[in-house]
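Novice: Sharing data_33.cif below, mmCIF, C-alpha atoms:
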data_structure
#
loop_
_atom_site.label_atom_id
_atom_site.label_comp_id
_atom_site.auth_asym_id
_atom_site.auth_seq_id
_atom_site.Cartn_x
_atom_site.Cartn_y
_atom_site.Cartn_z
CA MET Y 268 -11.56 -3.03 -16.51
CA LEU Y 269 -10.79 0.55 -15.86
CA ARG Y 270 -10.55 2.10 -12.51
CA SER Y 271 -13.85 3.80 -12.04
CA VAL Y 272 -13.60 5.48 -8.72
CA LEU Y 273 -11.43 8.34 -9.79
CA SER Y 274 -14.19 10.18 -11.57
CA GLY Y 275 -15.99 10.70 -8.29
CA VAL Y 276 -12.99 11.42 -6.20
CA ALA Y 277 -11.27 14.72 -5.93
CA LEU Y 278 -7.58 14.19 -5.68
CA LEU Y 279 -5.06 16.37 -4.00
CA THR Y 280 -1.53 16.15 -5.11
CA VAL Y 281 1.27 17.12 -2.89
CA ALA Y 282 3.24 17.30 -6.09
CA ALA Y 283 2.00 20.84 -6.61
CA ALA Y 284 3.16 21.77 -3.17
CA CYS Y 285 6.44 20.02 -3.75
CA THR Y 286 7.15 22.19 -6.76
CA ALA Y 287 7.30 25.20 -4.47
CA GLN Y 288 10.92 25.62 -3.57
CA THR Y 289 11.62 25.39 0.13
CA GLN Y 290 12.51 28.94 1.12
CA THR Y 291 14.20 29.89 4.32
CA VAL Y 292 11.60 30.34 7.01
CA THR Y 293 12.09 33.63 8.84
CA THR Y 294 8.81 34.03 10.74
CA PRO Y 295 6.76 31.75 12.99
CA GLU Y 296 3.84 32.22 10.60
CA GLN Y 297 5.85 30.86 7.69
CA LEU Y 298 6.92 27.91 9.82
CA PHE Y 299 3.34 27.17 10.76
CA THR Y 300 2.27 27.22 7.12
CA GLU Y 301 4.95 24.62 6.40
CA PHE Y 302 3.76 22.59 9.38
CA SER Y 303 0.17 22.73 8.19
CA ARG Y 304 1.05 20.65 5.12
CA CYS Y 305 1.51 17.65 7.45
CA ASP Y 306 4.43 16.36 5.46
CA ALA Y 307 8.21 16.61 5.28
CA HIS Y 308 8.22 20.35 4.49
CA PHE Y 309 8.07 21.30 8.15
CA PHE Y 310 11.16 19.29 9.03
CA GLU Y 311 13.01 20.42 5.94
CA SER Y 312 12.24 24.06 6.67
CA LEU Y 313 13.52 23.71 10.24
CA ARG Y 314 16.96 22.94 8.80
CA ASP Y 315 17.58 26.59 7.98
CA ALA Y 316 14.75 28.35 9.83
CA ARG Y 317 15.49 31.59 11.66
CA LEU Y 318 13.17 31.60 14.65
CA PRO Y 319 12.91 33.69 17.84
CA ALA Y 320 15.44 32.69 20.47
CA GLY Y 321 14.33 30.44 23.31
CA THR Y 322 11.43 28.89 21.44
CA LEU Y 323 11.88 25.51 19.72
CA ARG Y 324 14.98 23.50 20.67
CA LEU Y 325 15.98 21.56 17.60
CA SER Y 326 18.00 18.42 16.94
CA ASP Y 327 19.37 16.96 13.75
CA TYR Y 328 17.59 13.87 12.49
CA GLY Y 329 19.33 12.67 9.36
CA SER Y 330 19.13 15.40 6.76
CA VAL Y 331 16.43 17.40 8.58
CA LYS Y 332 15.79 19.00 11.95
CA ALA Y 333 12.91 18.61 14.38
CA PRO Y 334 12.01 19.81 17.85
CA THR Y 335 13.97 17.74 20.35
CA ILE Y 336 12.05 15.19 22.38
CA MET Y 337 13.18 12.09 24.23
CA SER Y 338 11.33 9.49 22.20
CA PRO Y 339 8.07 9.38 20.25
CA LEU Y 340 7.48 5.86 21.57
CA GLN Y 341 8.04 6.55 25.23
CA GLU Y 342 5.24 7.85 27.41
CA GLY Y 343 6.49 10.94 29.15
CA GLY Y 344 9.17 11.44 26.51
CA THR Y 345 7.05 12.84 23.72
CA TYR Y 346 6.89 16.50 24.75
CA GLN Y 347 9.08 19.58 24.65
CA HIS Y 348 8.04 22.66 26.60
CA PHE Y 349 9.23 25.91 25.01
CA GLU Y 350 11.16 28.17 27.33
CA THR Y 351 9.67 31.10 25.44
CA PRO Y 352 6.33 30.58 23.66
CA LEU Y 353 6.34 30.80 19.90
CA ILE Y 354 3.73 33.35 18.89
CA VAL Y 355 1.98 32.55 15.61
CA ASN Y 356 -0.60 35.07 14.45
CA GLY Y 357 -1.35 35.85 18.06
CA VAL Y 358 -1.53 32.20 19.18
CA ARG Y 359 0.85 31.23 22.01
CA MET Y 360 2.49 27.93 21.22
CA VAL Y 361 3.93 26.59 24.44
CA GLY Y 362 5.26 23.18 23.44
CA TYR Y 363 5.71 20.46 20.86
CA HIS Y 364 4.41 16.90 20.98
CA ASN Y 365 5.64 13.97 18.89
CA GLN Y 366 4.13 10.53 19.44
CA ALA Y 367 4.11 7.21 17.62
CA GLU Y 368 2.22 4.09 18.56
CA THR Y 369 0.77 0.88 17.23
CA ILE Y 370 -2.65 -0.30 18.26
CA LYS Y 371 -3.14 -3.97 17.55
CA ASN Y 372 -5.73 -4.72 14.86
CA VAL Y 373 -6.25 -1.00 14.30
CA GLY Y 374 -3.03 0.33 12.84
CA ASN Y 375 -0.15 2.68 13.37
CA PHE Y 376 -0.49 6.24 14.58
CA LEU Y 377 1.80 9.24 14.30
CA PHE Y 378 0.85 12.52 15.95
CA TRP Y 379 3.00 15.62 15.91
CA GLY Y 380 2.45 19.29 16.46
CA PHE Y 381 2.02 22.17 18.83
CA VAL Y 382 0.45 22.57 22.22
CA VAL Y 383 -1.09 26.02 22.48
CA ASP Y 384 -3.04 28.34 24.74
CA GLY Y 385 -6.65 29.27 23.97
CA SER Y 386 -9.83 27.47 23.02
CA PRO Y 387 -9.91 25.29 19.90
CA GLN Y 388 -12.33 27.63 18.09
CA GLU Y 389 -10.30 30.73 18.89
CA VAL Y 390 -7.01 29.07 17.93
CA ALA Y 391 -8.44 27.68 14.69
CA ALA Y 392 -9.81 31.07 13.69
CA LYS Y 393 -6.44 32.74 14.16
CA LEU Y 394 -4.45 30.04 12.42
CA LYS Y 395 -6.82 29.34 9.53
CA PRO Y 396 -5.38 32.02 7.20
CA LEU Y 397 -1.97 30.35 7.52
CA ILE Y 398 -3.17 26.83 6.79
CA VAL Y 399 -2.57 25.28 3.40
CA ASP Y 400 -5.81 24.26 1.65
CA ASN Y 401 -7.80 25.93 4.40
CA ALA Y 402 -11.12 25.74 2.54
CA ARG Y 403 -11.26 22.17 3.80
CA PHE Y 404 -10.34 23.12 7.35
CA VAL Y 405 -13.78 22.78 8.94
CA SER Y 406 -15.49 22.08 12.24
CA GLN Y 407 -16.19 18.47 13.13
CA GLY Y 408 -17.83 18.40 16.50
CA GLN Y 409 -15.58 20.14 18.99
CA ALA Y 410 -12.56 19.93 16.74
CA ILE Y 411 -11.61 21.74 13.57
CA THR Y 412 -10.00 19.47 11.01
CA ARG Y 413 -8.68 19.13 7.51
CA ALA Y 414 -8.82 15.44 6.63
CA GLU Y 415 -7.77 13.36 3.65
CA ILE Y 416 -7.22 9.71 2.91
CA ARG Y 417 -4.86 7.72 0.76
CA ARG Y 418 -5.11 4.13 -0.41
CA VAL Y 419 -1.98 1.99 -0.47
CA GLY Y 420 -0.81 1.94 -4.05
CA ASP Y 421 -1.93 5.48 -4.85
CA PRO Y 422 0.92 7.78 -5.84
CA ILE Y 423 2.76 8.50 -2.60
CA GLY Y 424 1.95 12.22 -2.65
CA GLN Y 425 -1.67 11.86 -3.67
CA TRP Y 426 -4.51 12.20 -1.16
CA ARG Y 427 -8.24 11.77 -1.66
CA THR Y 428 -10.64 14.29 -0.20
CA GLU Y 429 -13.76 12.17 -0.60
CA GLY Y 430 -14.68 8.84 0.93
CA LEU Y 431 -13.15 9.94 4.23
CA THR Y 432 -13.24 7.70 7.26
CA GLY Y 433 -14.88 10.18 9.61
CA PRO Y 434 -14.23 10.86 13.27
CA GLY Y 435 -14.22 7.93 15.65
CA VAL Y 436 -14.00 5.34 12.90
CA ALA Y 437 -10.89 3.19 12.49
CA THR Y 438 -9.04 3.67 9.23
CA PRO Y 439 -9.70 0.59 7.04
CA PHE Y 440 -6.76 -1.72 6.40
CA GLY Y 441 -4.89 -0.61 3.30
CA PHE Y 442 -5.64 3.08 3.83
CA VAL Y 443 -3.95 5.97 5.61
CA ASP Y 444 -5.80 8.94 7.06
CA ARG Y 445 -4.00 12.26 7.31
CA VAL Y 446 -5.57 14.88 9.51
CA LEU Y 447 -4.63 18.37 10.62
CA MET Y 448 -6.65 18.89 13.76
CA VAL Y 449 -7.17 21.64 16.30
CA ASP Y 450 -8.74 20.10 19.38
CA LYS Y 451 -8.95 20.23 23.12
CA GLY Y 452 -5.87 18.67 24.74
CA ASP Y 453 -5.83 15.40 26.63
CA ALA Y 454 -7.08 15.27 30.19
CA LYS Y 455 -3.55 14.39 31.30
CA PRO Y 456 -0.60 16.77 31.60
CA PRO Y 457 1.21 18.24 29.75
CA LEU Y 458 -1.66 18.62 27.27
CA ALA Y 459 -4.39 19.16 29.87
CA GLY Y 460 -5.85 22.64 29.82
CA HIS Y 461 -4.36 23.38 26.43
CA THR Y 462 -5.42 23.11 22.82
CA THR Y 463 -3.51 20.86 20.47
CA VAL Y 464 -2.68 21.65 16.86
CA PHE Y 465 -1.62 18.28 15.56
CA CYS Y 466 -0.96 16.53 12.31
CA SER Y 467 -1.64 12.83 12.27
CA LEU Y 468 -1.04 9.87 10.02
CA GLN Y 469 -3.02 6.81 10.98
CA GLY Y 470 -3.94 3.43 9.59
CA THR Y 471 -1.66 1.39 7.36
CA VAL Y 472 1.34 3.59 8.03
CA THR Y 473 4.35 1.69 6.69
CA ALA Y 474 8.06 2.42 6.63
CA PRO Y 475 8.12 3.54 2.96
CA LEU Y 476 5.45 6.14 3.78
CA VAL Y 477 7.12 7.28 7.01
CA ARG Y 478 10.36 7.85 5.14
CA VAL Y 479 8.61 10.34 2.83
CA TYR Y 480 6.39 12.16 5.32
CA ARG Y 481 8.45 12.01 8.52
CA PRO Y 482 12.12 12.22 7.61
CA ASP Y 483 12.85 13.09 11.24
CA LEU Y 484 11.85 9.59 12.35
CA ASN Y 485 13.46 6.20 12.01
CA ALA Y 486 11.18 4.88 9.24
CA HIS Y 487 11.09 1.48 10.92
CA LEU Y 488 10.13 2.65 14.39
CA LEU Y 489 6.74 0.98 14.14
CA ASP Y 490 7.84 -2.21 12.37
CA MET T 282 -1.70 -22.42 -10.68
CA ASN T 283 -0.91 -24.56 -7.64
CA ALA T 284 -3.89 -23.23 -5.74
CA ARG T 285 -6.13 -24.56 -8.47
CA TRP T 286 -5.04 -28.15 -8.15
CA PRO T 287 -7.77 -29.19 -5.72
CA ALA T 288 -10.36 -27.83 -8.14
CA LEU T 289 -8.63 -29.51 -11.03
CA VAL T 290 -8.60 -32.84 -9.31
CA VAL T 291 -12.30 -32.58 -8.52
CA CYS T 292 -13.04 -31.65 -12.11
CA PHE T 293 -10.90 -34.48 -13.34
CA PHE T 294 -12.96 -36.96 -11.41
CA ILE T 295 -16.18 -35.37 -12.60
CA LEU T 296 -15.01 -35.59 -16.19
CA ALA T 297 -13.70 -39.09 -15.77
CA GLY T 298 -17.00 -40.10 -14.22
CA CYS T 299 -18.99 -38.57 -17.07
CA ALA T 300 -16.69 -40.24 -19.53
CA GLY T 301 -17.94 -43.56 -18.29
CA LEU T 302 -21.49 -42.86 -19.46
CA GLN T 303 -21.47 -42.72 -23.27
CA ASN T 304 -18.82 -43.67 -25.78
CA PRO T 305 -18.88 -40.63 -28.15
CA GLN T 306 -19.18 -38.29 -25.22
CA ARG T 307 -16.47 -40.25 -23.45
CA ALA T 308 -14.06 -39.72 -26.33
CA ASN T 309 -14.71 -36.01 -26.31
CA LEU T 310 -14.48 -35.55 -22.57
CA ALA T 311 -11.30 -37.58 -22.57
CA HIS T 312 -9.60 -34.58 -24.19
CA CYS T 313 -10.66 -32.45 -21.25
CA SER T 314 -9.33 -34.83 -18.65
CA ASN T 315 -6.20 -35.31 -20.75
CA GLN T 316 -5.65 -31.58 -20.69
CA LEU T 317 -5.78 -31.55 -16.92
CA LYS T 318 -3.49 -34.56 -16.64
CA ALA T 319 -1.00 -33.06 -19.07
CA SER T 320 -1.02 -29.79 -17.19
CA LYS T 321 -0.42 -31.56 -13.92
CA ALA T 322 2.47 -33.42 -15.54
CA GLU T 323 3.79 -30.04 -16.77
CA ASN T 324 3.49 -31.23 -20.38
CA TYR T 325 2.21 -27.88 -21.54
CA PRO T 326 2.22 -28.43 -25.33
CA LEU T 327 0.03 -31.50 -24.83
CA ALA T 328 -2.17 -29.60 -22.39
CA LEU T 329 -2.77 -26.95 -25.05
CA GLN T 330 -3.52 -29.52 -27.74
CA GLU T 331 -5.94 -31.49 -25.57
CA GLY T 332 -7.53 -28.32 -24.25
CA ASP T 333 -8.24 -27.10 -27.77
CA LEU T 334 -9.83 -30.46 -28.65
CA CYS T 335 -11.84 -30.42 -25.44
CA LEU T 336 -13.24 -26.99 -26.23
CA GLN T 337 -13.95 -27.88 -29.89
CA LYS T 338 -15.76 -31.11 -29.27
CA ASN T 339 -17.83 -30.38 -26.21
CA THR T 340 -20.50 -28.08 -25.00
CA LEU T 341 -19.33 -27.66 -21.46
CA PRO T 342 -21.03 -25.89 -18.59
CA ALA T 343 -19.66 -22.39 -18.13
CA ALA T 344 -17.72 -23.23 -14.97
CA LEU T 345 -15.88 -26.13 -16.63
CA GLN T 346 -15.29 -24.20 -19.82
CA SER T 347 -13.81 -21.40 -17.75
CA LEU T 348 -11.53 -23.88 -16.03
CA ILE T 349 -10.32 -25.35 -19.32
CA TYR T 350 -9.49 -21.85 -20.58
CA ALA T 351 -7.72 -21.12 -17.29
CA VAL T 352 -5.58 -24.23 -17.74
CA GLN T 353 -4.86 -23.17 -21.32
CA ALA T 354 -3.77 -19.78 -20.00
CA ASP T 355 -1.51 -21.41 -17.46
CA ALA T 356 0.03 -23.64 -20.12
CA HIS T 357 0.67 -20.67 -22.43
CA SER T 358 2.16 -18.79 -19.53
CA ASN T 359 4.53 -21.63 -18.71
CA LEU T 360 5.57 -21.77 -22.37
CA LYS T 361 6.11 -17.99 -22.27
CA HIS T 362 3.38 -17.41 -24.86
CA PHE T 363 2.29 -14.34 -22.96
CA PRO T 364 -0.25 -12.74 -25.33
CA GLU T 365 -1.92 -16.13 -25.77
CA ALA T 366 -1.96 -16.61 -22.02
CA VAL T 367 -3.67 -13.25 -21.56
CA ALA T 368 -6.24 -14.09 -24.26
CA ALA T 369 -7.06 -17.47 -22.74
CA LYS T 370 -7.33 -16.04 -19.24
CA GLU T 371 -9.57 -13.22 -20.45
CA LYS T 372 -11.76 -15.85 -22.09
CA SER T 373 -11.82 -17.88 -18.89
CA ILE T 374 -12.99 -14.86 -16.90
CA GLN T 375 -15.52 -13.87 -19.54
CA VAL T 376 -17.03 -17.35 -19.69
CA ALA T 377 -17.23 -17.57 -15.91
CA GLY T 378 -19.45 -14.53 -16.06
CA LYS T 379 -18.86 -13.33 -12.53
CA PRO T 380 -16.06 -11.31 -10.96
CA ASP T 381 -13.30 -13.45 -9.50
CA ALA T 382 -10.60 -11.66 -7.55
CA ARG T 383 -8.06 -14.48 -7.84
CA ALA T 384 -8.61 -14.75 -11.58
CA ASN T 385 -8.06 -11.01 -11.92
CA LEU T 386 -4.81 -11.29 -9.98
CA ASP T 387 -3.67 -14.17 -12.20
CA LEU T 388 -4.54 -12.09 -15.25
CA SER T 389 -2.67 -9.15 -13.77
CA GLY T 390 0.43 -11.32 -13.56
CA MET T 391 -0.01 -12.41 -17.15
CA TYR T 392 -0.31 -8.80 -18.30
CA ARG T 393 2.93 -8.03 -16.48
CA ASP T 394 4.60 -10.95 -18.21
CA ALA T 395 3.21 -9.63 -21.50
CA GLY T 396 4.83 -6.25 -20.84
CA ASN T 397 1.68 -4.32 -19.98
CA PRO T 398 2.06 -3.28 -16.33
CA LYS T 399 -0.48 -0.48 -16.69
CA LYS T 400 -3.23 -2.98 -17.45
CA ALA T 401 -1.86 -5.23 -14.70
CA LEU T 402 -2.22 -2.39 -12.21
CA GLU T 403 -5.75 -1.59 -13.40
CA LEU T 404 -6.82 -5.16 -12.70
CA VAL T 405 -5.61 -5.05 -9.11
CA GLN T 406 -7.18 -1.63 -8.68
CA TYR T 407 -10.44 -3.01 -10.02
CA ASN T 408 -10.42 -5.55 -7.19
CA LEU T 409 -9.61 -2.84 -4.65
CA ASP T 410 -12.23 -0.45 -6.00
CA ASN T 411 -14.90 -3.12 -5.91
CA GLY T 412 -14.05 -4.70 -2.57
CA LEU T 413 -13.10 -7.95 -4.30
CA GLY T 414 -10.96 -9.63 -1.68
CA GLU T 415 -9.19 -12.88 -2.45
CA ALA T 416 -11.88 -14.86 -0.63
CA GLY T 417 -14.77 -12.99 -2.19
CA LYS T 418 -16.48 -9.64 -2.11
CA GLY T 419 -16.05 -7.86 1.19
CA SER T 420 -13.64 -10.46 2.55
CA GLY T 421 -10.79 -7.98 2.87
CA PHE T 422 -7.44 -7.81 1.16
CA HIS T 423 -4.40 -9.88 1.97
CA MET T 424 -0.97 -10.69 0.64
CA PRO T 425 -1.98 -11.82 -2.89
CA THR T 426 -3.65 -8.51 -3.68
CA TYR T 427 -0.84 -6.37 -2.25
CA TYR T 428 1.84 -8.58 -3.78
CA HIS T 429 0.37 -8.22 -7.25
CA LEU T 430 -0.17 -4.52 -6.63
CA GLY T 431 3.48 -4.14 -5.67
CA LEU T 432 4.73 -6.09 -8.66
CA ALA T 433 2.68 -3.99 -11.10
CA LEU T 434 3.91 -0.78 -9.46
CA THR T 435 7.48 -2.06 -9.62
CA ASP T 436 7.14 -2.70 -13.34
CA LEU T 437 5.79 0.84 -13.71
CA GLY T 438 8.84 2.22 -11.89
CA GLN T 439 6.77 3.40 -8.91
CA TYR T 440 9.16 1.90 -6.41
CA ARG T 441 8.07 3.85 -3.31
CA GLU T 442 4.47 2.84 -3.80
CA ALA T 443 5.56 -0.72 -4.57
CA ALA T 444 7.54 -0.94 -1.33
CA GLU T 445 4.50 0.34 0.51
CA ALA T 446 2.26 -2.29 -1.10
CA PHE T 447 4.64 -5.12 -0.17
CA SER T 448 4.88 -3.76 3.38
CA THR T 449 1.10 -3.78 3.60
CA GLY T 450 0.93 -7.38 2.40
CA LEU T 451 3.59 -8.35 4.92
CA GLU T 452 1.44 -6.98 7.72
CA ARG T 453 -1.05 -9.68 6.77
CA GLN T 454 1.45 -12.44 6.02
CA PRO T 455 4.89 -11.79 7.49
CA ASP T 456 6.30 -15.16 6.41
CA TYR T 457 5.85 -14.69 2.66
CA ALA T 458 9.45 -14.77 1.52
CA TRP T 459 8.86 -13.45 -1.98
CA ALA T 460 7.38 -10.21 -0.71
CA TYR T 461 10.67 -9.52 1.07
CA TYR T 462 12.54 -10.21 -2.13
CA ALA T 463 10.23 -7.97 -4.16
CA ARG T 464 10.42 -5.18 -1.59
CA GLY T 465 14.20 -5.55 -1.56
CA ILE T 466 14.16 -4.91 -5.30
CA ALA T 467 12.03 -1.79 -4.79
CA TYR T 468 14.32 -0.49 -2.04
CA ASP T 469 17.32 -1.22 -4.24
CA HIS T 470 15.85 0.98 -6.97
CA LEU T 471 15.16 3.70 -4.41
CA GLY T 472 18.81 3.60 -3.34
CA GLU T 473 17.81 2.49 0.16
CA LYS T 474 20.48 -0.14 0.32
CA ASN T 475 20.27 -0.94 4.03
CA ASP T 476 16.58 -1.72 3.76
CA ALA T 477 17.19 -3.73 0.59
CA LYS T 478 19.89 -5.75 2.31
CA ALA T 479 17.66 -6.42 5.31
CA ASP T 480 14.91 -7.70 3.03
CA PHE T 481 17.19 -9.86 0.90
CA THR T 482 18.67 -11.32 4.08
CA LYS T 483 15.23 -12.16 5.44
CA PHE T 484 14.29 -13.68 2.09
CA SER T 485 17.39 -15.86 2.09
CA GLN T 486 16.51 -17.16 5.55
CA ILE T 487 12.92 -18.19 4.92
CA VAL T 488 12.54 -18.91 1.21
CA ASN T 489 11.95 -22.42 -0.08
CA LYS T 490 15.20 -22.77 -2.00
CA LYS T 491 13.82 -25.00 -4.71
CA TYR T 492 12.01 -22.01 -6.23
CA VAL T 493 15.02 -19.70 -6.21
CA LEU T 494 16.41 -19.08 -9.69
CA GLU T 495 19.84 -17.94 -10.82
CA GLU T 496 18.57 -14.38 -11.30
CA HIS T 497 17.52 -14.25 -7.67
CA LYS T 498 20.85 -15.63 -6.50
CA ALA T 499 22.64 -13.03 -8.62
CA GLN T 500 20.63 -10.28 -6.94
CA LEU T 501 21.51 -11.63 -3.51
CA ASP T 502 25.16 -11.89 -4.52
CA GLN T 503 25.23 -8.16 -5.13
CA TYR T 504 24.55 -7.73 -1.44
CA GLY T 505 26.97 -10.43 -0.38
CA ILE T 506 24.14 -12.73 0.66
CA SER T 507 24.13 -16.44 -0.03
CA LEU T 508 21.35 -18.92 0.53
CA ARG T 509 21.80 -20.95 3.68
#
For the structure just supplied, provide its representation as structure tokens.

Specialist:
Amino acid sequence: MLRSVLSGVALLTVAAACTAQTQTVTTPEQLFTEFSRCDAHFFESLRDARLPAGTLRLSDYGSVKAPTIMSPLQEGGTYQHFETPLIVNGVRMVGYHNQAETIKNVGNFLFWGFVVDGSPQEVAAKLKPLIVDNARFVSQGQAITRAEIRRVGDPIGQWRTEGLTGPGVATPFGFVDRVLMVDKGDAKPPLAGHTTVFCSLQGTVTAPLVRVYRPDLNAHLLD
Amino acid sequence: MNARWPALVVCFFILAGCAGLQNPQRANLAHCSNQLKASKAENYPLALQEGDLCLQKNTLPAALQSLIYAVQADAHSNLKHFPEAVAAKEKSIQVAGKPDARANLDLSGMYRDAGNPKKALELVQYNLDNGLGEAGKGSGFHMPTYYHLGLALTDLGQYREAAEAFSTGLERQPDYAWAYYARGIAYDHLGEKNDAKADFTKFSQIVNKKYVLEEHKAQLDQYGISLR
């Protein structure tokens, strides 16, 4: 009984990306490219990144660095406003958001990324050239997304680009959705009136996965 | 095999009942019921012998024939005749003629015992690919599927993925002690000793001690954990 689904499923491997040596990030554009992978590269690159003064305030989290926030679990503690905006390809990034939550019977959610000025379409157009695998970065309603899905048991760095869950649909148990999304910010401050450029992991997000993709977090924060 | 006992008991009574009808038939069916009784008594050599006679001397309906092969597979497995166990289980599934998620998981375990974790993984993936939950198609996946998935991945040396599979199973059934033990093993291989210790500790607190073997105790000892 051979696994049949693979023939119809295009697979992305992060392995290829992982083979690229992490080089010191010296420009905001390079940092954003690392961020756009939606994996540990962003946090690893922040370890030695040379960024404009007054932009991201960083803290050490284990062996990596990440923008300092109070707590990803605490409402009101998930945001850092940049004293000086980080300009990426002409996009003004004014803050960083890092949130984790569990929704009963739905799954675990991790969101992290930048809060920026401008409309989603305008921001997406400017950032698209910097985004890894940007051929799949496409409009979905008001948002612009690059989505992929992984089934528990698949190699940890392997993501499927077919059989996606789709917007507004809960990730099935035993799967994890990973989405890079440019969208209109929440109605509530501090995201209100801004556009968000977020990565997300959602669904069956377990500690072994968190440890690989979010080395800045306590892997057990959602246990 | 324990989960099959209710079915076995029912079959036993069916066979015993049939055996009351005709003498020649009774003699033949007696081998079938003897196989089940021997298996229940954990007399596996006798179960194999009676099972062979049952299969030779009777034309059984497919469902019963499948059950007899399944009991043969279980007996071989208990006697550590792993290739024979795999063959009998394959036959049981083939005779049954319809996909059975639990049978596939049992067969996956037998392939692992036989040293073929790749095939073991394929069987679990077959269930996942085809929506074959433990309680039937479309019923969703629970601890048994993720536990077998994790064990196959462990045997393949894919410890991160194995730990993830056990974690997923534990979301469904957080009191399954052996998933903590198995995840502890995966964490141990990953060098994540704190997580391994936490899992072995949890295992030691909730496991039914009568099933804990010396090898398990030795593993716990390495972390300074003793069974309470």

Novice: Evaluating the PyMOL selection byres ((chain T) within 8 of (chain Y)) on the displayed file yields which residues, as a PDB file with C-alpha atoms, in the frame of the given file?

Specialist:
ATOM      1  CA  GLU T 403      -5.750  -1.590 -13.400  1.00  0.00           C
ATOM      2  CA  LEU T 404      -6.820  -5.160 -12.700  1.00  0.00           C
ATOM      3  CA  GLN T 406      -7.180  -1.630  -8.680  1.00  0.00           C
ATOM      4  CA  TYR T 407     -10.440  -3.010 -10.020  1.00  0.00           C
ATOM      5  CA  ASP T 410     -12.230  -0.450  -6.000  1.00  0.00           C
ATOM      6  CA  PHE T 422      -7.440  -7.810   1.160  1.00  0.00           C
ATOM      7  CA  LEU T 430      -0.170  -4.520  -6.630  1.00  0.00           C
ATOM      8  CA  GLY T 431       3.480  -4.140  -5.670  1.00  0.00           C
ATOM      9  CA  LEU T 434       3.910  -0.780  -9.460  1.00  0.00           C
ATOM     10  CA  GLN T 439       6.770   3.400  -8.910  1.00  0.00           C
ATOM     11  CA  ARG T 441       8.070   3.850  -3.310  1.00  0.00           C
ATOM     12  CA  GLU T 442       4.470   2.840  -3.800  1.00  0.00           C
ATOM     13  CA  ALA T 443       5.560  -0.720  -4.570  1.00  0.00           C
ATOM     14  CA  ALA T 444       7.540  -0.940  -1.330  1.00  0.00           C
ATOM     15  CA  GLU T 445       4.500   0.340   0.510  1.00  0.00           C
ATOM     16  CA  ALA T 446       2.260  -2.290  -1.100  1.00  0.00           C
ATOM     17  CA  SER T 448       4.880  -3.760   3.380  1.00  0.00           C
ATOM     18  CA  THR T 449       1.100  -3.780   3.600  1.00  0.00           C
TER      19      THR T 449
END

Novice: Could you pull the residues within 8 Å of segment 300-312 of chain Y, counting only C-alpha atoms, minus those fewer than 4 positions along the same chain, as a VMD selection string?

Specialist: chain Y and resid 289 to 292 296 316 330 to 333 380 397 to 399 445 to 447 466 to 467 479 to 483

Novice: Counting only C-alpha atoms, note down every residue that has an atom within 10 Å of the point (-3.4, 11.2, 9.4) (file coordinates), as a ChimeraX atom specification.

Specialist: /Y:305,375-378,413-417,438,443-448,465-470,472

Novice: Go ahead and write the selection's residues with C-alpha atoms as a compact mmCIF listing (two decimals), in the coordinates of the input.

Specialist:
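The result, stored in out26.txt:
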# COMPACT_ATOMS: atom_id res chain seq x y z
CA CYS Y 305 1.51 17.65 7.45
CA ASN Y 375 -0.15 2.68 13.37
CA PHE Y 376 -0.49 6.24 14.58
CA LEU Y 377 1.80 9.24 14.30
CA PHE Y 378 0.85 12.52 15.95
CA ARG Y 413 -8.68 19.13 7.51
CA ALA Y 414 -8.82 15.44 6.63
CA GLU Y 415 -7.77 13.36 3.65
CA ILE Y 416 -7.22 9.71 2.91
CA ARG Y 417 -4.86 7.72 0.76
CA THR Y 438 -9.04 3.67 9.23
CA VAL Y 443 -3.95 5.97 5.61
CA ASP Y 444 -5.80 8.94 7.06
CA ARG Y 445 -4.00 12.26 7.31
CA VAL Y 446 -5.57 14.88 9.51
CA LEU Y 447 -4.63 18.37 10.62
CA MET Y 448 -6.65 18.89 13.76
CA PHE Y 465 -1.62 18.28 15.56
CA CYS Y 466 -0.96 16.53 12.31
CA SER Y 467 -1.64 12.83 12.27
CA LEU Y 468 -1.04 9.87 10.02
CA GLN Y 469 -3.02 6.81 10.98
CA GLY Y 470 -3.94 3.43 9.59
CA VAL Y 472 1.34 3.59 8.03

Novice: Neighbours of segment 367-376 of chain T within 12 Å (all atoms listed in the file; same-chain residues fewer than 6 positions away dropped), as a ChimeraX atom specification?

Specialist: /Y:268 /T:329,332-333,336,341-358,361,382-397,400-401,404

Novice: Expressed in Å to a single decimal, how great is the separation between atom CA of Ile487 of chain T and atom CA of Gly465 of chain T?

Specialist: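 Calculated distance between atom CA of Ile487 of chain T and atom CA of Gly465 of chain T is 14.3 Å.
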
Novice: Could you state the separation of atom CA of Asp327 of chain Y and atom CA of Leu471 of chain T in Å, given to one decimal place?

Specialist: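 Pair atom CA of Asp327 of chain Y / atom CA of Leu471 of chain T returns 22.9 Å.
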
Novice: Excluding Arg324 of chain Y and any residue of its chain fewer than 4 positions from it, enumerate the residues within 12 Å of it, using only C-alpha atoms, and give them as a list in words.

Specialist: Leu313, Ala316, Leu318, Pro319, Ala320, Lys332, Ala333, Pro334, Thr335, Ile336, Tyr346, Gln347, His348, Phe349, Glu350, Thr351, Pro352, Leu353, Gly362 and Tyr363 of chain Y

Novice: By how many Å are atom CA of Gly460 of chain Y and atom CA of Ala391 of chain Y apart?

Specialist: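 Those two atoms sit 16.2 Å apart.
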
Novice: Residues at most 6 Å from Val383 of chain Y, counting only C-alpha atoms, excluding those fewer than 3 positions away in the same chain, as a PyMOL selection string?

Specialist: chain Y and resi 359-361+461-462
